[in-house]
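Text of upload28.cif, listed as mmCIF, C-alpha atoms and all ligand atoms:
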data_query
#
loop_
_atom_site.group_PDB
_atom_site.id
_atom_site.type_symbol
_atom_site.label_atom_id
_atom_site.label_comp_id
_atom_site.auth_asym_id
_atom_site.auth_seq_id
_atom_site.Cartn_x
_atom_site.Cartn_y
_atom_site.Cartn_z
ATOM 1 C CA MET A 197 106.749 99.127 96.670
ATOM 2 C CA SER A 198 106.251 102.900 96.261
ATOM 3 C CA SER A 199 103.890 104.645 98.689
ATOM 4 C CA PRO A 200 101.645 107.600 97.909
ATOM 5 C CA VAL A 201 101.804 110.659 100.180
ATOM 6 C CA LEU A 202 98.965 110.470 102.705
ATOM 7 C CA GLU A 203 97.235 113.409 104.294
ATOM 8 C CA PHE A 204 96.135 113.361 107.959
ATOM 9 C CA LYS A 205 92.404 113.914 108.423
ATOM 10 C CA PRO A 206 91.811 114.216 112.198
ATOM 11 C CA GLU A 207 87.996 113.910 112.285
ATOM 12 C CA GLN A 208 87.726 111.062 109.804
ATOM 13 C CA ALA A 209 90.722 109.399 111.422
ATOM 14 C CA SER A 210 89.173 109.417 114.858
ATOM 15 C CA LEU A 211 85.831 107.995 113.643
ATOM 16 C CA LEU A 212 87.375 105.338 111.455
ATOM 17 C CA LEU A 213 89.930 104.316 114.050
ATOM 18 C CA ARG A 214 87.337 103.959 116.809
ATOM 19 C CA GLU A 215 85.064 101.849 114.602
ATOM 20 C CA VAL A 216 87.831 99.518 113.416
ATOM 21 C CA MET A 217 89.227 99.108 116.934
ATOM 22 C CA GLU A 218 85.775 98.305 118.353
ATOM 23 C CA ARG A 219 84.916 95.824 115.622
ATOM 24 C CA SER A 220 88.292 94.102 115.434
ATOM 25 C CA GLY A 221 89.221 94.227 119.113
ATOM 26 C CA GLN A 222 92.750 95.311 118.090
ATOM 27 C CA ASN A 223 94.692 98.239 119.522
ATOM 28 C CA LEU A 224 95.854 99.949 116.346
ATOM 29 C CA LEU A 225 97.324 102.798 118.370
ATOM 30 C CA GLY A 226 99.992 100.372 119.552
ATOM 31 C CA CYS A 227 101.417 100.074 116.019
ATOM 32 C CA TYR A 228 104.789 101.810 115.700
ATOM 33 C CA GLN A 229 105.323 100.835 112.062
ATOM 34 C CA CYS A 230 108.233 98.466 112.597
ATOM 35 C CA ARG A 231 107.016 96.441 109.548
ATOM 36 C CA ARG A 232 107.752 93.031 111.031
ATOM 37 C CA CYS A 233 104.248 92.059 109.899
ATOM 38 C CA ALA A 234 104.977 93.200 106.334
ATOM 39 C CA ALA A 235 108.006 90.943 106.048
ATOM 40 C CA GLY A 236 105.941 87.791 106.595
ATOM 41 C CA CYS A 237 102.667 88.575 104.835
ATOM 42 C CA PRO A 238 102.252 86.097 101.928
ATOM 43 C CA VAL A 239 99.871 88.356 100.000
ATOM 44 C CA GLY A 240 101.330 91.803 100.758
ATOM 45 C CA GLU A 241 103.281 91.995 97.514
ATOM 46 C CA GLU A 242 100.449 90.970 95.192
ATOM 47 C CA SER A 243 97.925 93.118 97.087
ATOM 48 C CA GLY A 244 100.104 96.210 96.795
ATOM 49 C CA LEU A 245 99.444 96.792 100.496
ATOM 50 C CA THR A 246 101.046 95.298 103.591
ATOM 51 C CA PRO A 247 99.468 95.060 107.083
ATOM 52 C CA ASP A 248 101.484 98.032 108.424
ATOM 53 C CA ARG A 249 100.304 100.200 105.495
ATOM 54 C CA LEU A 250 96.700 99.165 106.040
ATOM 55 C CA ILE A 251 96.952 100.214 109.690
ATOM 56 C CA ARG A 252 98.542 103.494 108.618
ATOM 57 C CA LEU A 253 95.645 104.187 106.240
ATOM 58 C CA ILE A 254 93.200 103.721 109.110
ATOM 59 C CA LEU A 255 95.227 105.904 111.473
ATOM 60 C CA LEU A 256 95.232 108.648 108.849
ATOM 61 C CA GLY A 257 91.477 108.410 108.256
ATOM 62 C CA GLU A 258 91.709 107.172 104.656
ATOM 63 C CA ARG A 259 88.323 105.466 104.875
ATOM 64 C CA GLU A 260 87.756 104.864 101.191
ATOM 65 C CA GLU A 261 91.108 103.201 100.644
ATOM 66 C CA ALA A 262 90.956 101.252 103.902
ATOM 67 C CA LEU A 263 87.602 99.752 102.905
ATOM 68 C CA ASN A 264 88.457 99.163 99.282
ATOM 69 C CA ASN A 265 91.844 97.495 98.809
ATOM 70 C CA LEU A 266 93.125 94.095 97.780
ATOM 71 C CA LEU A 267 94.655 93.160 101.134
ATOM 72 C CA VAL A 268 91.203 93.161 102.739
ATOM 73 C CA TRP A 269 89.989 90.625 100.169
ATOM 74 C CA LYS A 270 93.191 88.614 99.741
ATOM 75 C CA CYS A 271 94.116 88.254 103.424
ATOM 76 C CA LEU A 272 94.383 84.530 104.156
ATOM 77 C CA ALA A 273 93.848 84.933 107.899
ATOM 78 C CA CYS A 274 97.098 83.035 108.349
ATOM 79 C CA TYR A 275 97.934 85.168 111.420
ATOM 80 C CA THR A 276 101.631 85.376 110.479
ATOM 81 C CA CYS A 277 101.543 89.164 110.939
ATOM 82 C CA GLY A 278 100.017 88.870 114.398
ATOM 83 C CA THR A 279 102.529 86.228 115.465
ATOM 84 C CA ARG A 280 105.403 88.510 114.442
ATOM 85 C CA CYS A 281 103.950 91.728 115.820
ATOM 86 C CA PRO A 282 105.664 92.876 119.045
ATOM 87 C CA ASN A 283 102.352 94.496 120.036
ATOM 88 C CA ASN A 284 100.182 91.484 119.264
ATOM 89 C CA ILE A 285 98.147 93.295 116.602
ATOM 90 C CA GLN A 286 96.183 90.733 114.593
ATOM 91 C CA THR A 287 95.652 92.227 111.148
ATOM 92 C CA ALA A 288 93.455 89.269 110.173
ATOM 93 C CA ARG A 289 90.858 90.589 112.629
ATOM 94 C CA ILE A 290 91.218 94.042 111.097
ATOM 95 C CA THR A 291 90.694 92.801 107.542
ATOM 96 C CA GLU A 292 87.613 90.865 108.729
ATOM 97 C CA ALA A 293 86.182 94.044 110.280
ATOM 98 C CA LEU A 294 86.942 96.009 107.108
ATOM 99 C CA LYS A 295 85.198 93.373 104.970
ATOM 100 C CA GLN A 296 82.059 93.797 107.065
ATOM 101 C CA MET A 297 82.279 97.579 106.882
ATOM 102 C CA SER A 298 82.846 97.476 103.146
ATOM 103 C CA LYS A 299 79.798 95.249 102.708
ATOM 104 C CA GLU A 300 77.660 97.537 104.837
ATOM 105 C CA ALA A 301 78.813 100.458 102.693
ATOM 106 C CA HIS A 302 77.679 98.497 99.578
ATOM 107 C CA ILE A 303 81.169 98.495 98.099
ATOM 108 C CA LYS A 304 81.652 95.692 95.580
ATOM 109 C CA PRO A 305 84.376 93.223 96.686
ATOM 110 C CA LEU A 306 87.609 93.752 94.738
ATOM 111 C CA VAL A 307 87.873 89.956 94.575
ATOM 112 C CA PRO A 308 84.264 88.900 93.805
ATOM 113 C CA SER A 309 84.924 85.185 94.344
ATOM 114 C CA VAL A 310 85.944 85.870 97.969
ATOM 115 C CA GLY A 311 82.773 87.875 98.543
ATOM 116 C CA ALA A 312 80.693 85.070 96.998
ATOM 117 C CA PHE A 313 82.500 82.491 99.133
ATOM 118 C CA HIS A 314 81.681 84.396 102.344
ATOM 119 C CA ASP A 315 78.026 84.878 101.367
ATOM 120 C CA ALA A 316 77.552 81.219 100.408
ATOM 121 C CA PHE A 317 79.201 80.013 103.614
ATOM 122 C CA ALA A 318 77.063 82.240 105.856
ATOM 123 C CA LYS A 319 73.865 81.336 103.979
ATOM 124 C CA SER A 320 74.535 77.623 104.277
ATOM 125 C CA VAL A 321 75.317 77.908 108.002
ATOM 126 C CA SER A 322 72.080 79.843 108.505
ATOM 127 C CA HIS A 323 70.041 76.823 107.327
ATOM 128 C CA LEU A 324 71.439 74.064 109.545
ATOM 129 C CA GLY A 325 73.725 75.835 111.989
ATOM 130 C CA ARG A 326 76.749 74.304 110.269
ATOM 131 C CA VAL A 327 77.993 74.326 106.728
ATOM 132 C CA HIS A 328 76.615 71.680 104.367
ATOM 133 C CA GLU A 329 79.317 71.153 101.728
ATOM 134 C CA LEU A 330 76.994 70.353 98.829
ATOM 135 C CA GLU A 331 74.664 73.289 99.457
ATOM 136 C CA PHE A 332 77.576 75.629 100.121
ATOM 137 C CA MET A 333 79.314 74.718 96.854
ATOM 138 C CA ALA A 334 76.024 74.977 94.912
ATOM 139 C CA LEU A 335 75.357 78.476 96.313
ATOM 140 C CA TYR A 336 78.924 79.573 95.616
ATOM 141 C CA GLU A 337 79.069 78.167 92.091
ATOM 142 C CA PHE A 338 75.682 79.627 91.213
ATOM 143 C CA LYS A 339 76.793 83.114 92.260
ATOM 144 C CA ILE A 340 80.083 82.847 90.366
ATOM 145 C CA ALA A 341 78.325 81.472 87.251
ATOM 146 C CA ALA A 342 75.689 84.268 87.364
ATOM 147 C CA ASP A 343 78.445 86.913 87.496
ATOM 148 C CA ARG A 344 80.296 85.279 84.611
ATOM 149 C CA ALA A 345 77.100 84.912 82.565
ATOM 150 C CA ARG A 346 76.525 88.660 82.925
ATOM 151 C CA ARG A 347 79.979 89.159 81.414
ATOM 152 C CA GLY A 348 79.363 86.519 78.709
ATOM 153 C CA GLU A 349 82.162 84.239 79.960
ATOM 154 C CA TRP A 350 80.494 80.971 78.894
ATOM 155 C CA LYS A 351 83.725 79.034 78.380
ATOM 156 C CA ALA A 352 84.831 79.835 81.926
ATOM 157 C CA ILE A 353 81.447 78.647 83.274
ATOM 158 C CA VAL A 354 81.715 75.283 81.518
ATOM 159 C CA GLY A 355 85.344 74.880 82.626
ATOM 160 C CA GLU A 356 84.443 75.623 86.242
ATOM 161 C CA MET A 357 81.496 73.180 86.180
ATOM 162 C CA LYS A 358 83.712 70.399 84.837
ATOM 163 C CA GLU A 359 86.393 71.115 87.421
ATOM 164 C CA GLN A 360 83.925 71.180 90.305
ATOM 165 C CA ALA A 361 82.180 67.988 89.127
ATOM 166 C CA ARG A 362 85.562 66.247 89.020
ATOM 167 C CA LEU A 363 86.438 67.553 92.493
ATOM 168 C CA GLY A 364 83.012 66.570 93.886
ATOM 169 C CA LEU A 365 83.326 63.021 92.565
ATOM 170 C CA THR A 366 86.823 62.662 94.023
ATOM 171 C CA MET A 367 85.570 63.892 97.401
ATOM 172 C CA MET A 368 82.650 61.452 97.308
ATOM 173 C CA LYS A 369 84.945 58.531 96.488
ATOM 174 C CA LYS A 370 87.137 59.472 99.434
ATOM 175 C CA LYS A 371 84.048 59.908 101.626
ATOM 176 C CA ARG A 372 84.868 63.561 102.199
ATOM 177 C CA MET A 373 81.483 64.816 100.978
ATOM 178 C CA HIS A 374 78.786 64.673 103.644
ATOM 179 C CA MET A 375 75.248 64.311 102.331
ATOM 180 C CA GLY A 376 73.388 64.159 105.649
ATOM 181 C CA LEU A 377 71.436 67.140 106.906
ATOM 182 C CA GLU A 378 72.570 67.411 110.520
ATOM 183 C CA LYS A 379 71.223 70.352 112.452
ATOM 184 C CA VAL A 380 72.964 71.842 115.463
ATOM 185 C CA LYS A 381 71.294 72.442 118.793
ATOM 186 C CA GLY A 382 70.329 76.092 119.151
ATOM 187 C CA LEU A 383 69.612 76.494 115.433
ATOM 188 C CA SER A 384 67.099 79.245 116.169
ATOM 189 C CA GLU A 385 69.925 81.317 117.744
ATOM 190 C CA VAL A 386 72.071 80.878 114.630
ATOM 191 C CA LYS A 387 69.132 81.974 112.457
ATOM 192 C CA HIS A 388 68.595 84.965 114.697
ATOM 193 C CA ILE A 389 72.276 86.022 114.381
ATOM 194 C CA TYR A 390 72.106 85.614 110.596
ATOM 195 C CA LYS A 391 68.909 87.678 110.402
ATOM 196 C CA LYS A 392 70.446 90.455 112.518
ATOM 197 C CA ALA A 393 73.586 90.462 110.343
ATOM 198 C CA LYS A 394 71.499 90.701 107.161
ATOM 199 C CA GLU A 395 69.540 93.612 108.617
ATOM 200 C CA LYS A 396 72.855 95.394 109.108
ATOM 201 C CA GLY A 397 73.739 94.663 105.483
ATOM 202 C CA ARG A 398 76.521 92.176 106.238
HETATM 203 S S1 LIG B 401 104.454 94.317 113.372
HETATM 204 FE FE1 LIG B 401 102.865 95.263 114.672
HETATM 205 S S2 LIG B 401 103.774 97.190 115.406
HETATM 206 FE FE2 LIG B 401 105.033 96.475 113.690
HETATM 207 S S3 LIG B 401 104.181 97.517 111.875
HETATM 208 FE FE3 LIG B 401 103.164 95.529 112.022
HETATM 209 S S4 LIG B 401 101.294 95.895 113.186
HETATM 210 FE FE4 LIG B 401 102.647 97.666 113.525
HETATM 211 S S1 LIG B 402 96.771 87.321 108.345
HETATM 212 FE FE1 LIG B 402 96.424 88.389 106.401
HETATM 213 S S2 LIG B 402 97.522 90.306 106.607
HETATM 214 FE FE2 LIG B 402 98.332 88.920 108.179
HETATM 215 S S3 LIG B 402 100.123 87.904 107.250
HETATM 216 FE FE3 LIG B 402 98.349 86.583 106.892
HETATM 217 S S4 LIG B 402 97.585 87.226 104.888
HETATM 218 FE FE4 LIG B 402 98.936 88.872 105.600
#
Could you render the structure from this file as structure tokens?
Ligand code: SF4
Ligand code: SF4
Amino acid sequence: MSSPVLEFKPEQASLLLREVMERSGQNLLGCYQCRRCAAGCPVGEESGLTPDRLIRLILLGEREEALNNLLVWKCLACYTCGTRCPNNIQTARITEALKQMSKEAHIKPLVPSVGAFHDAFAKSVSHLGRVHELEFMALYEFKIAADRARRGEWKAIVGEMKEQARLGLTMMKKKRMHMGLEKVKGLSEVKHIYKKAKEKGR
């Protein structure tokens, strides 16, 4: 994987680094670029960016690239990188923080389906305090279909509907689809957290 030459920007670097460290709870200054994380990341190759490179971008103050890259959206939160890191740096927490920051900056997700998945999950949880599979899938599919309709991808919409209907039926037969509307205790607190997050643009 070839790497572009990066320029150090002290002021931007300090601001970006502080924000990512605060949000993620990870000590990025402990990274000494040994690349043990890179060797185990299952999506590093296809993202064109490995965890060590992402940390380097942040340390150098490359805000735009740090907030807008495929690793942020393709990270599986498998924690392989963190398990291998001699300094216990959990890149999954960093990519989560960068997703939030990217959303607050109104940057479109590079993988729209992942963005839609997050939004649908959070919205569903905000209603009952826990995810309701049917509602969650409906919200997700609606968002994906609306995006595809805008691009005129009607065949893809029909294909997805068929696939999801087949999957839904299989889940119902296996009693893996829960239809009940069970609320959690402290639902008002969950709603409050969701409202606060929305106000911040997350
Ligand atoms: S394994 Fe840890 S110290 Fe090594 S490059 Fe990755 S994040 Fe940095
Ligand atoms: S948690 Fe994300 S960045 Fe780390 S190894 Fe897994 S996919 Fe790669």
Step by step, work through what the PyMOL selection byres (((not hetatm)) within 8 of (chain B and resi 401)) selects in the shown file, and finish by giving those residues as JSON, numbers by chain. {"A": [224, 226, 227, 228, 229, 230, 231, 232, 233, 234, 247, 248, 249, 251, 277, 278, 280, 281, 282, 283, 284, 285, 286, 287]}
Applied to this file, what does the PyMOL selection byres (((chain A and resi 318-335) around 9) and not hetatm) return in terms of residues, put as a ChimeraX atom specification? /A:312-317,336-340,360,364,373-391
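Candidate residues A:Glu215, A:Leu250, A:Leu272, A:Gly221 were compared for distance to A:Pro238, and the nearest is A:Leu272, using all atoms listed in the file.
Comparing the minimum interatomic distances between A:Arg289 and each of A:Glu258, A:Glu218, A:Glu356, A:Asp343, counting only C-alpha atoms, we find that A:Glu218 sits nearest.
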Taking into account only C-alpha atoms and all ligand atoms, which residue in the set A:Lys370, A:Arg259, A:Arg362, A:Lys270 is nearest to ligand LIG 402 (chain B)? A:Lys270
For A:Gly257, list every protein, DNA or RNA residue within 8 Å, evaluated using all atoms listed in the file, and leave out those in the same chain fewer than 5 positions away; present the list as a PyMOL selection string. chain A and resi 204-213
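Take the candidates A:Asn265, A:Ser243, A:Thr276, A:Gln296 and check each one against ligand LIG 402 (chain B) using all atoms listed in the file; the shortest distance goes to A:Thr276.
Atom pair atom CA of A:Thr279 / atom CA of A:Leu306 has a distance of 26.6 Å (rounded to one decimal).
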Box along x, y and z, 3 Å on every side, all listed atoms of ligand LIG 402 (chain B) inside: centre and edge lengths in Å to one decimal, as JSON.
{"center_x": 98.3, "center_y": 88.4, "center_z": 106.6, "size_x": 9.7, "size_y": 9.7, "size_z": 9.5}
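When all atoms listed in the file are used to measure the gap to ligand LIG 402 (chain B), the shortest distance among A:Leu365, A:Ala293, A:Val239, A:Met357 belongs to A:Val239.
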From the set A:Leu253, A:Leu245, A:Leu225, A:Ala273, which residue has the shortest atom-to-atom contact distance to ligand LIG 402 (chain B), counting only C-alpha atoms and all ligand atoms? A:Ala273
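For the pair atom CA of A:Pro308 and atom CA of A:Met368, the separation is 27.7 Å.
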Atom-to-atom span, atom CA of A:Lys304 and atom CA of A:Arg346, Å: 15.4 Å
